[in-house]
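Only one structure is covered here, and it is reproduced in the block below.
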Amino acid sequence: MAAARGVILKAVKKIAVQFCPFESNARSTREFLVLVGSERSRATNMNCEVTTEVKHDASEPLIDVSFLDGERLVMRGAKLTSREMLTAFQTRCTAKDPQAKLGAKK
Amino acid sequence: MAATLCGKLFSSPAWLPLTQSVRHGSKAVTRHRKPLHILKQKMIAVTKYIPPKPGPPAGSLTPRPKRIEEESGLMRILKRDLEDVFKDNKMVAVAQNSSSNSEDMLVLKHRLKKHDISVKFFPNQVSRAFLPGSPYKNMEPLFMGPTVLLVSKEPKAKQMLLALRGSPQIALLGACIENTLLSRQGVLDYSKLPTVITMQGELVSSLTLMTSQTVSMLQRHPAHLSALLQQYVKQLSPEGSAEQAPTQPTEAA
């Protein structure tokens, strides 16, 4: 599974997740939160903050990622699966931080 | 070929040939596919076999019968435990721990134990199987992903929130306090409420305020009269009757 290897958060400054647990469309957002907030992922970057906001106003679930170079990635998780969100997030992460990864792999 | 040559040699009308070839003309066995005679073609077309059309595939019209698995003994035990939890504890809160290792959990459990709040783990499958049958079925969407139950006999929302503030990875989703389902905001508001005793005292004081005001209003006139008479008596006793005569008309006025 993608989560077993952990998500690499080296180029990420902050991840803010907000959802409403009583809505049925929050499932993928919650799964994404679990994947990103796991120990392994957090260990890749100790400075990255993962904040969770639990709301109850029937708003759609939102994931707001701020990268170190100022770019923001906003994902509205109402109609997305957690896997799609994860791949989108990871492609951007690796695009931003290719040198460190390639160096580590070599 | 010999037959055709014979036909051409003996062609005079008076003389009948000894042999007459029957098989003459086009050949039956050819190397290519000989086109069928029109009558034969028509016959074949009329009497062609038309197989019956296959109906829709077997599983498409009626829905596939879902396999209802019998619930195992463990599930029954867990369901019973969950039912007891809901019965015994006034406050049942659901929180999601996206990531907490054992030492974080230990610290949190210790902090909550001080206020008699216990942490329970139940598989989501059990919760989802049990909740629709109980009056708490609106809590069902909360149980998704890694969840923990924080239960306590007394509704101690404030202490729970203080303890949870120390561990950021646990997100409180909602709670069922005294058979009312509350969201996170509801729990925060609940914790800010004063205790029942204070509320009762406030209520009693506000009710008695009106009655005490009424009582004092009713008693104002006799109280005033009795105060005046007392003053009068005081003035009477030390001064004596002589001085009282000129003061009496003024008092009466």
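Every chain in the structure tokens takes a letter, A first, then B, and so on in the order presented; its residues are numbered from 1, and the ligands are numbered from 1 following the presented order.
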Interface residues on chain A facing chain B, 10 Å, only C-alpha atoms, written as JSON, numbers by chain: {"A": [19, 20, 21, 22, 23, 24, 25, 26, 27, 28, 30, 31, 32, 33, 34, 35, 36, 37, 38, 39, 40, 41, 42, 50, 51, 52, 53, 54, 55, 56]}
File of the preceding selection, C-alpha atoms, as an mmCIF file, in the first residue's frame:
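Here's the written file result.cif:
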data_model
loop_
_atom_site.group_PDB
_atom_site.id
_atom_site.type_symbol
_atom_site.label_atom_id
_atom_site.label_comp_id
_atom_site.auth_asym_id
_atom_site.auth_seq_id
_atom_site.Cartn_x
_atom_site.Cartn_y
_atom_site.Cartn_z
ATOM 1 C CA PHE A 19 -13.963 18.255 7.705
ATOM 2 C CA CYS A 20 -17.346 17.608 9.233
ATOM 3 C CA PRO A 21 -17.525 14.095 10.663
ATOM 4 C CA PHE A 22 -21.300 13.866 10.431
ATOM 5 C CA GLU A 23 -21.160 14.191 6.655
ATOM 6 C CA SER A 24 -20.722 11.123 4.543
ATOM 7 C CA ASN A 25 -18.289 12.774 2.137
ATOM 8 C CA ALA A 26 -15.598 13.166 4.766
ATOM 9 C CA ARG A 27 -14.349 9.594 4.489
ATOM 10 C CA SER A 28 -11.584 10.179 1.969
ATOM 11 C CA ARG A 30 -10.162 11.324 7.049
ATOM 12 C CA GLU A 31 -8.218 8.550 5.357
ATOM 13 C CA PHE A 32 -5.860 11.093 3.862
ATOM 14 C CA LEU A 33 -5.352 12.587 7.302
ATOM 15 C CA VAL A 34 -4.450 9.179 8.697
ATOM 16 C CA LEU A 35 -1.923 8.606 5.915
ATOM 17 C CA VAL A 36 -0.322 12.001 6.249
ATOM 18 C CA GLY A 37 -0.399 12.143 10.016
ATOM 19 C CA SER A 38 1.197 8.758 10.582
ATOM 20 C CA GLU A 39 4.408 8.474 12.522
ATOM 21 C CA ARG A 40 6.537 7.636 9.508
ATOM 22 C CA SER A 41 5.314 10.584 7.512
ATOM 23 C CA ARG A 42 5.774 12.975 10.355
ATOM 24 C CA VAL A 50 -0.514 18.835 10.599
ATOM 25 C CA THR A 51 -3.582 20.550 12.015
ATOM 26 C CA THR A 52 -7.077 19.127 12.113
ATOM 27 C CA GLU A 53 -10.216 21.177 12.363
ATOM 28 C CA VAL A 54 -13.497 19.472 13.115
ATOM 29 C CA LYS A 55 -16.472 21.501 12.012
ATOM 30 C CA HIS A 56 -20.218 20.934 12.007
#
Selection near region 89-94 of chain B, 7 Å with only C-alpha atoms, sequence-local residues under 6 positions removed, as a ChimeraX atom specification: /B:147-155,172-178
Which of region 20-227 of chain B fall in helix (DSSP H, G or I), as a VMD selection string: chain B and resid 38 to 46 73 to 88 102 to 113 124 to 133 137 to 142 157 to 165 184 to 192 196 to 218 220 to 227
Which of region 10-54 of chain A counts as strand (DSSP E) under DSSP, as a compact mmCIF listing (two decimals) with N, CA, C and O atoms, in the first residue's frame please?
# COMPACT_ATOMS: atom_id res chain seq x y z
N VAL A 12 7.14 20.30 2.61
CA VAL A 12 5.85 20.82 3.05
C VAL A 12 6.04 21.62 4.33
O VAL A 12 6.76 21.21 5.24
N LYS A 13 5.35 22.75 4.38
CA LYS A 13 5.45 23.57 5.59
C LYS A 13 4.30 23.25 6.54
O LYS A 13 4.49 23.09 7.74
N LYS A 14 3.08 23.19 5.97
CA LYS A 14 1.91 23.03 6.84
C LYS A 14 0.80 22.34 6.09
O LYS A 14 0.59 22.58 4.90
N ILE A 15 0.10 21.47 6.82
CA ILE A 15 -1.06 20.82 6.21
C ILE A 15 -2.24 21.09 7.14
O ILE A 15 -2.21 20.73 8.31
N ALA A 16 -3.28 21.72 6.61
CA ALA A 16 -4.47 21.98 7.42
C ALA A 16 -5.63 21.17 6.85
O ALA A 16 -5.95 21.31 5.67
N VAL A 17 -6.22 20.35 7.68
CA VAL A 17 -7.31 19.50 7.22
C VAL A 17 -8.57 19.92 7.96
O VAL A 17 -8.55 20.03 9.19
N GLN A 18 -9.62 20.15 7.23
CA GLN A 18 -10.87 20.45 7.93
C GLN A 18 -12.00 19.61 7.32
O GLN A 18 -12.06 19.41 6.11
N PHE A 19 -12.85 19.07 8.20
CA PHE A 19 -13.96 18.26 7.71
C PHE A 19 -15.08 18.25 8.75
O PHE A 19 -14.91 18.72 9.87
N GLU A 49 3.69 21.04 10.27
CA GLU A 49 2.57 20.91 11.20
C GLU A 49 1.37 20.32 10.48
O GLU A 49 1.06 20.73 9.36
N VAL A 50 0.72 19.41 11.14
CA VAL A 50 -0.51 18.84 10.60
C VAL A 50 -1.64 19.22 11.55
O VAL A 50 -1.68 18.73 12.67
N THR A 51 -2.51 20.10 11.12
CA THR A 51 -3.58 20.55 12.02
C THR A 51 -4.92 20.01 11.50
O THR A 51 -5.16 19.94 10.30
N THR A 52 -5.76 19.67 12.46
CA THR A 52 -7.08 19.13 12.11
C THR A 52 -8.14 20.05 12.68
O THR A 52 -8.05 20.47 13.82
N GLU A 53 -9.13 20.35 11.87
CA GLU A 53 -10.22 21.18 12.36
C GLU A 53 -11.52 20.41 12.15
O GLU A 53 -11.82 20.01 11.02
N VAL A 54 -12.26 20.23 13.21
CA VAL A 54 -13.50 19.47 13.11
C VAL A 54 -14.65 20.47 13.15
O VAL A 54 -14.83 21.17 14.12
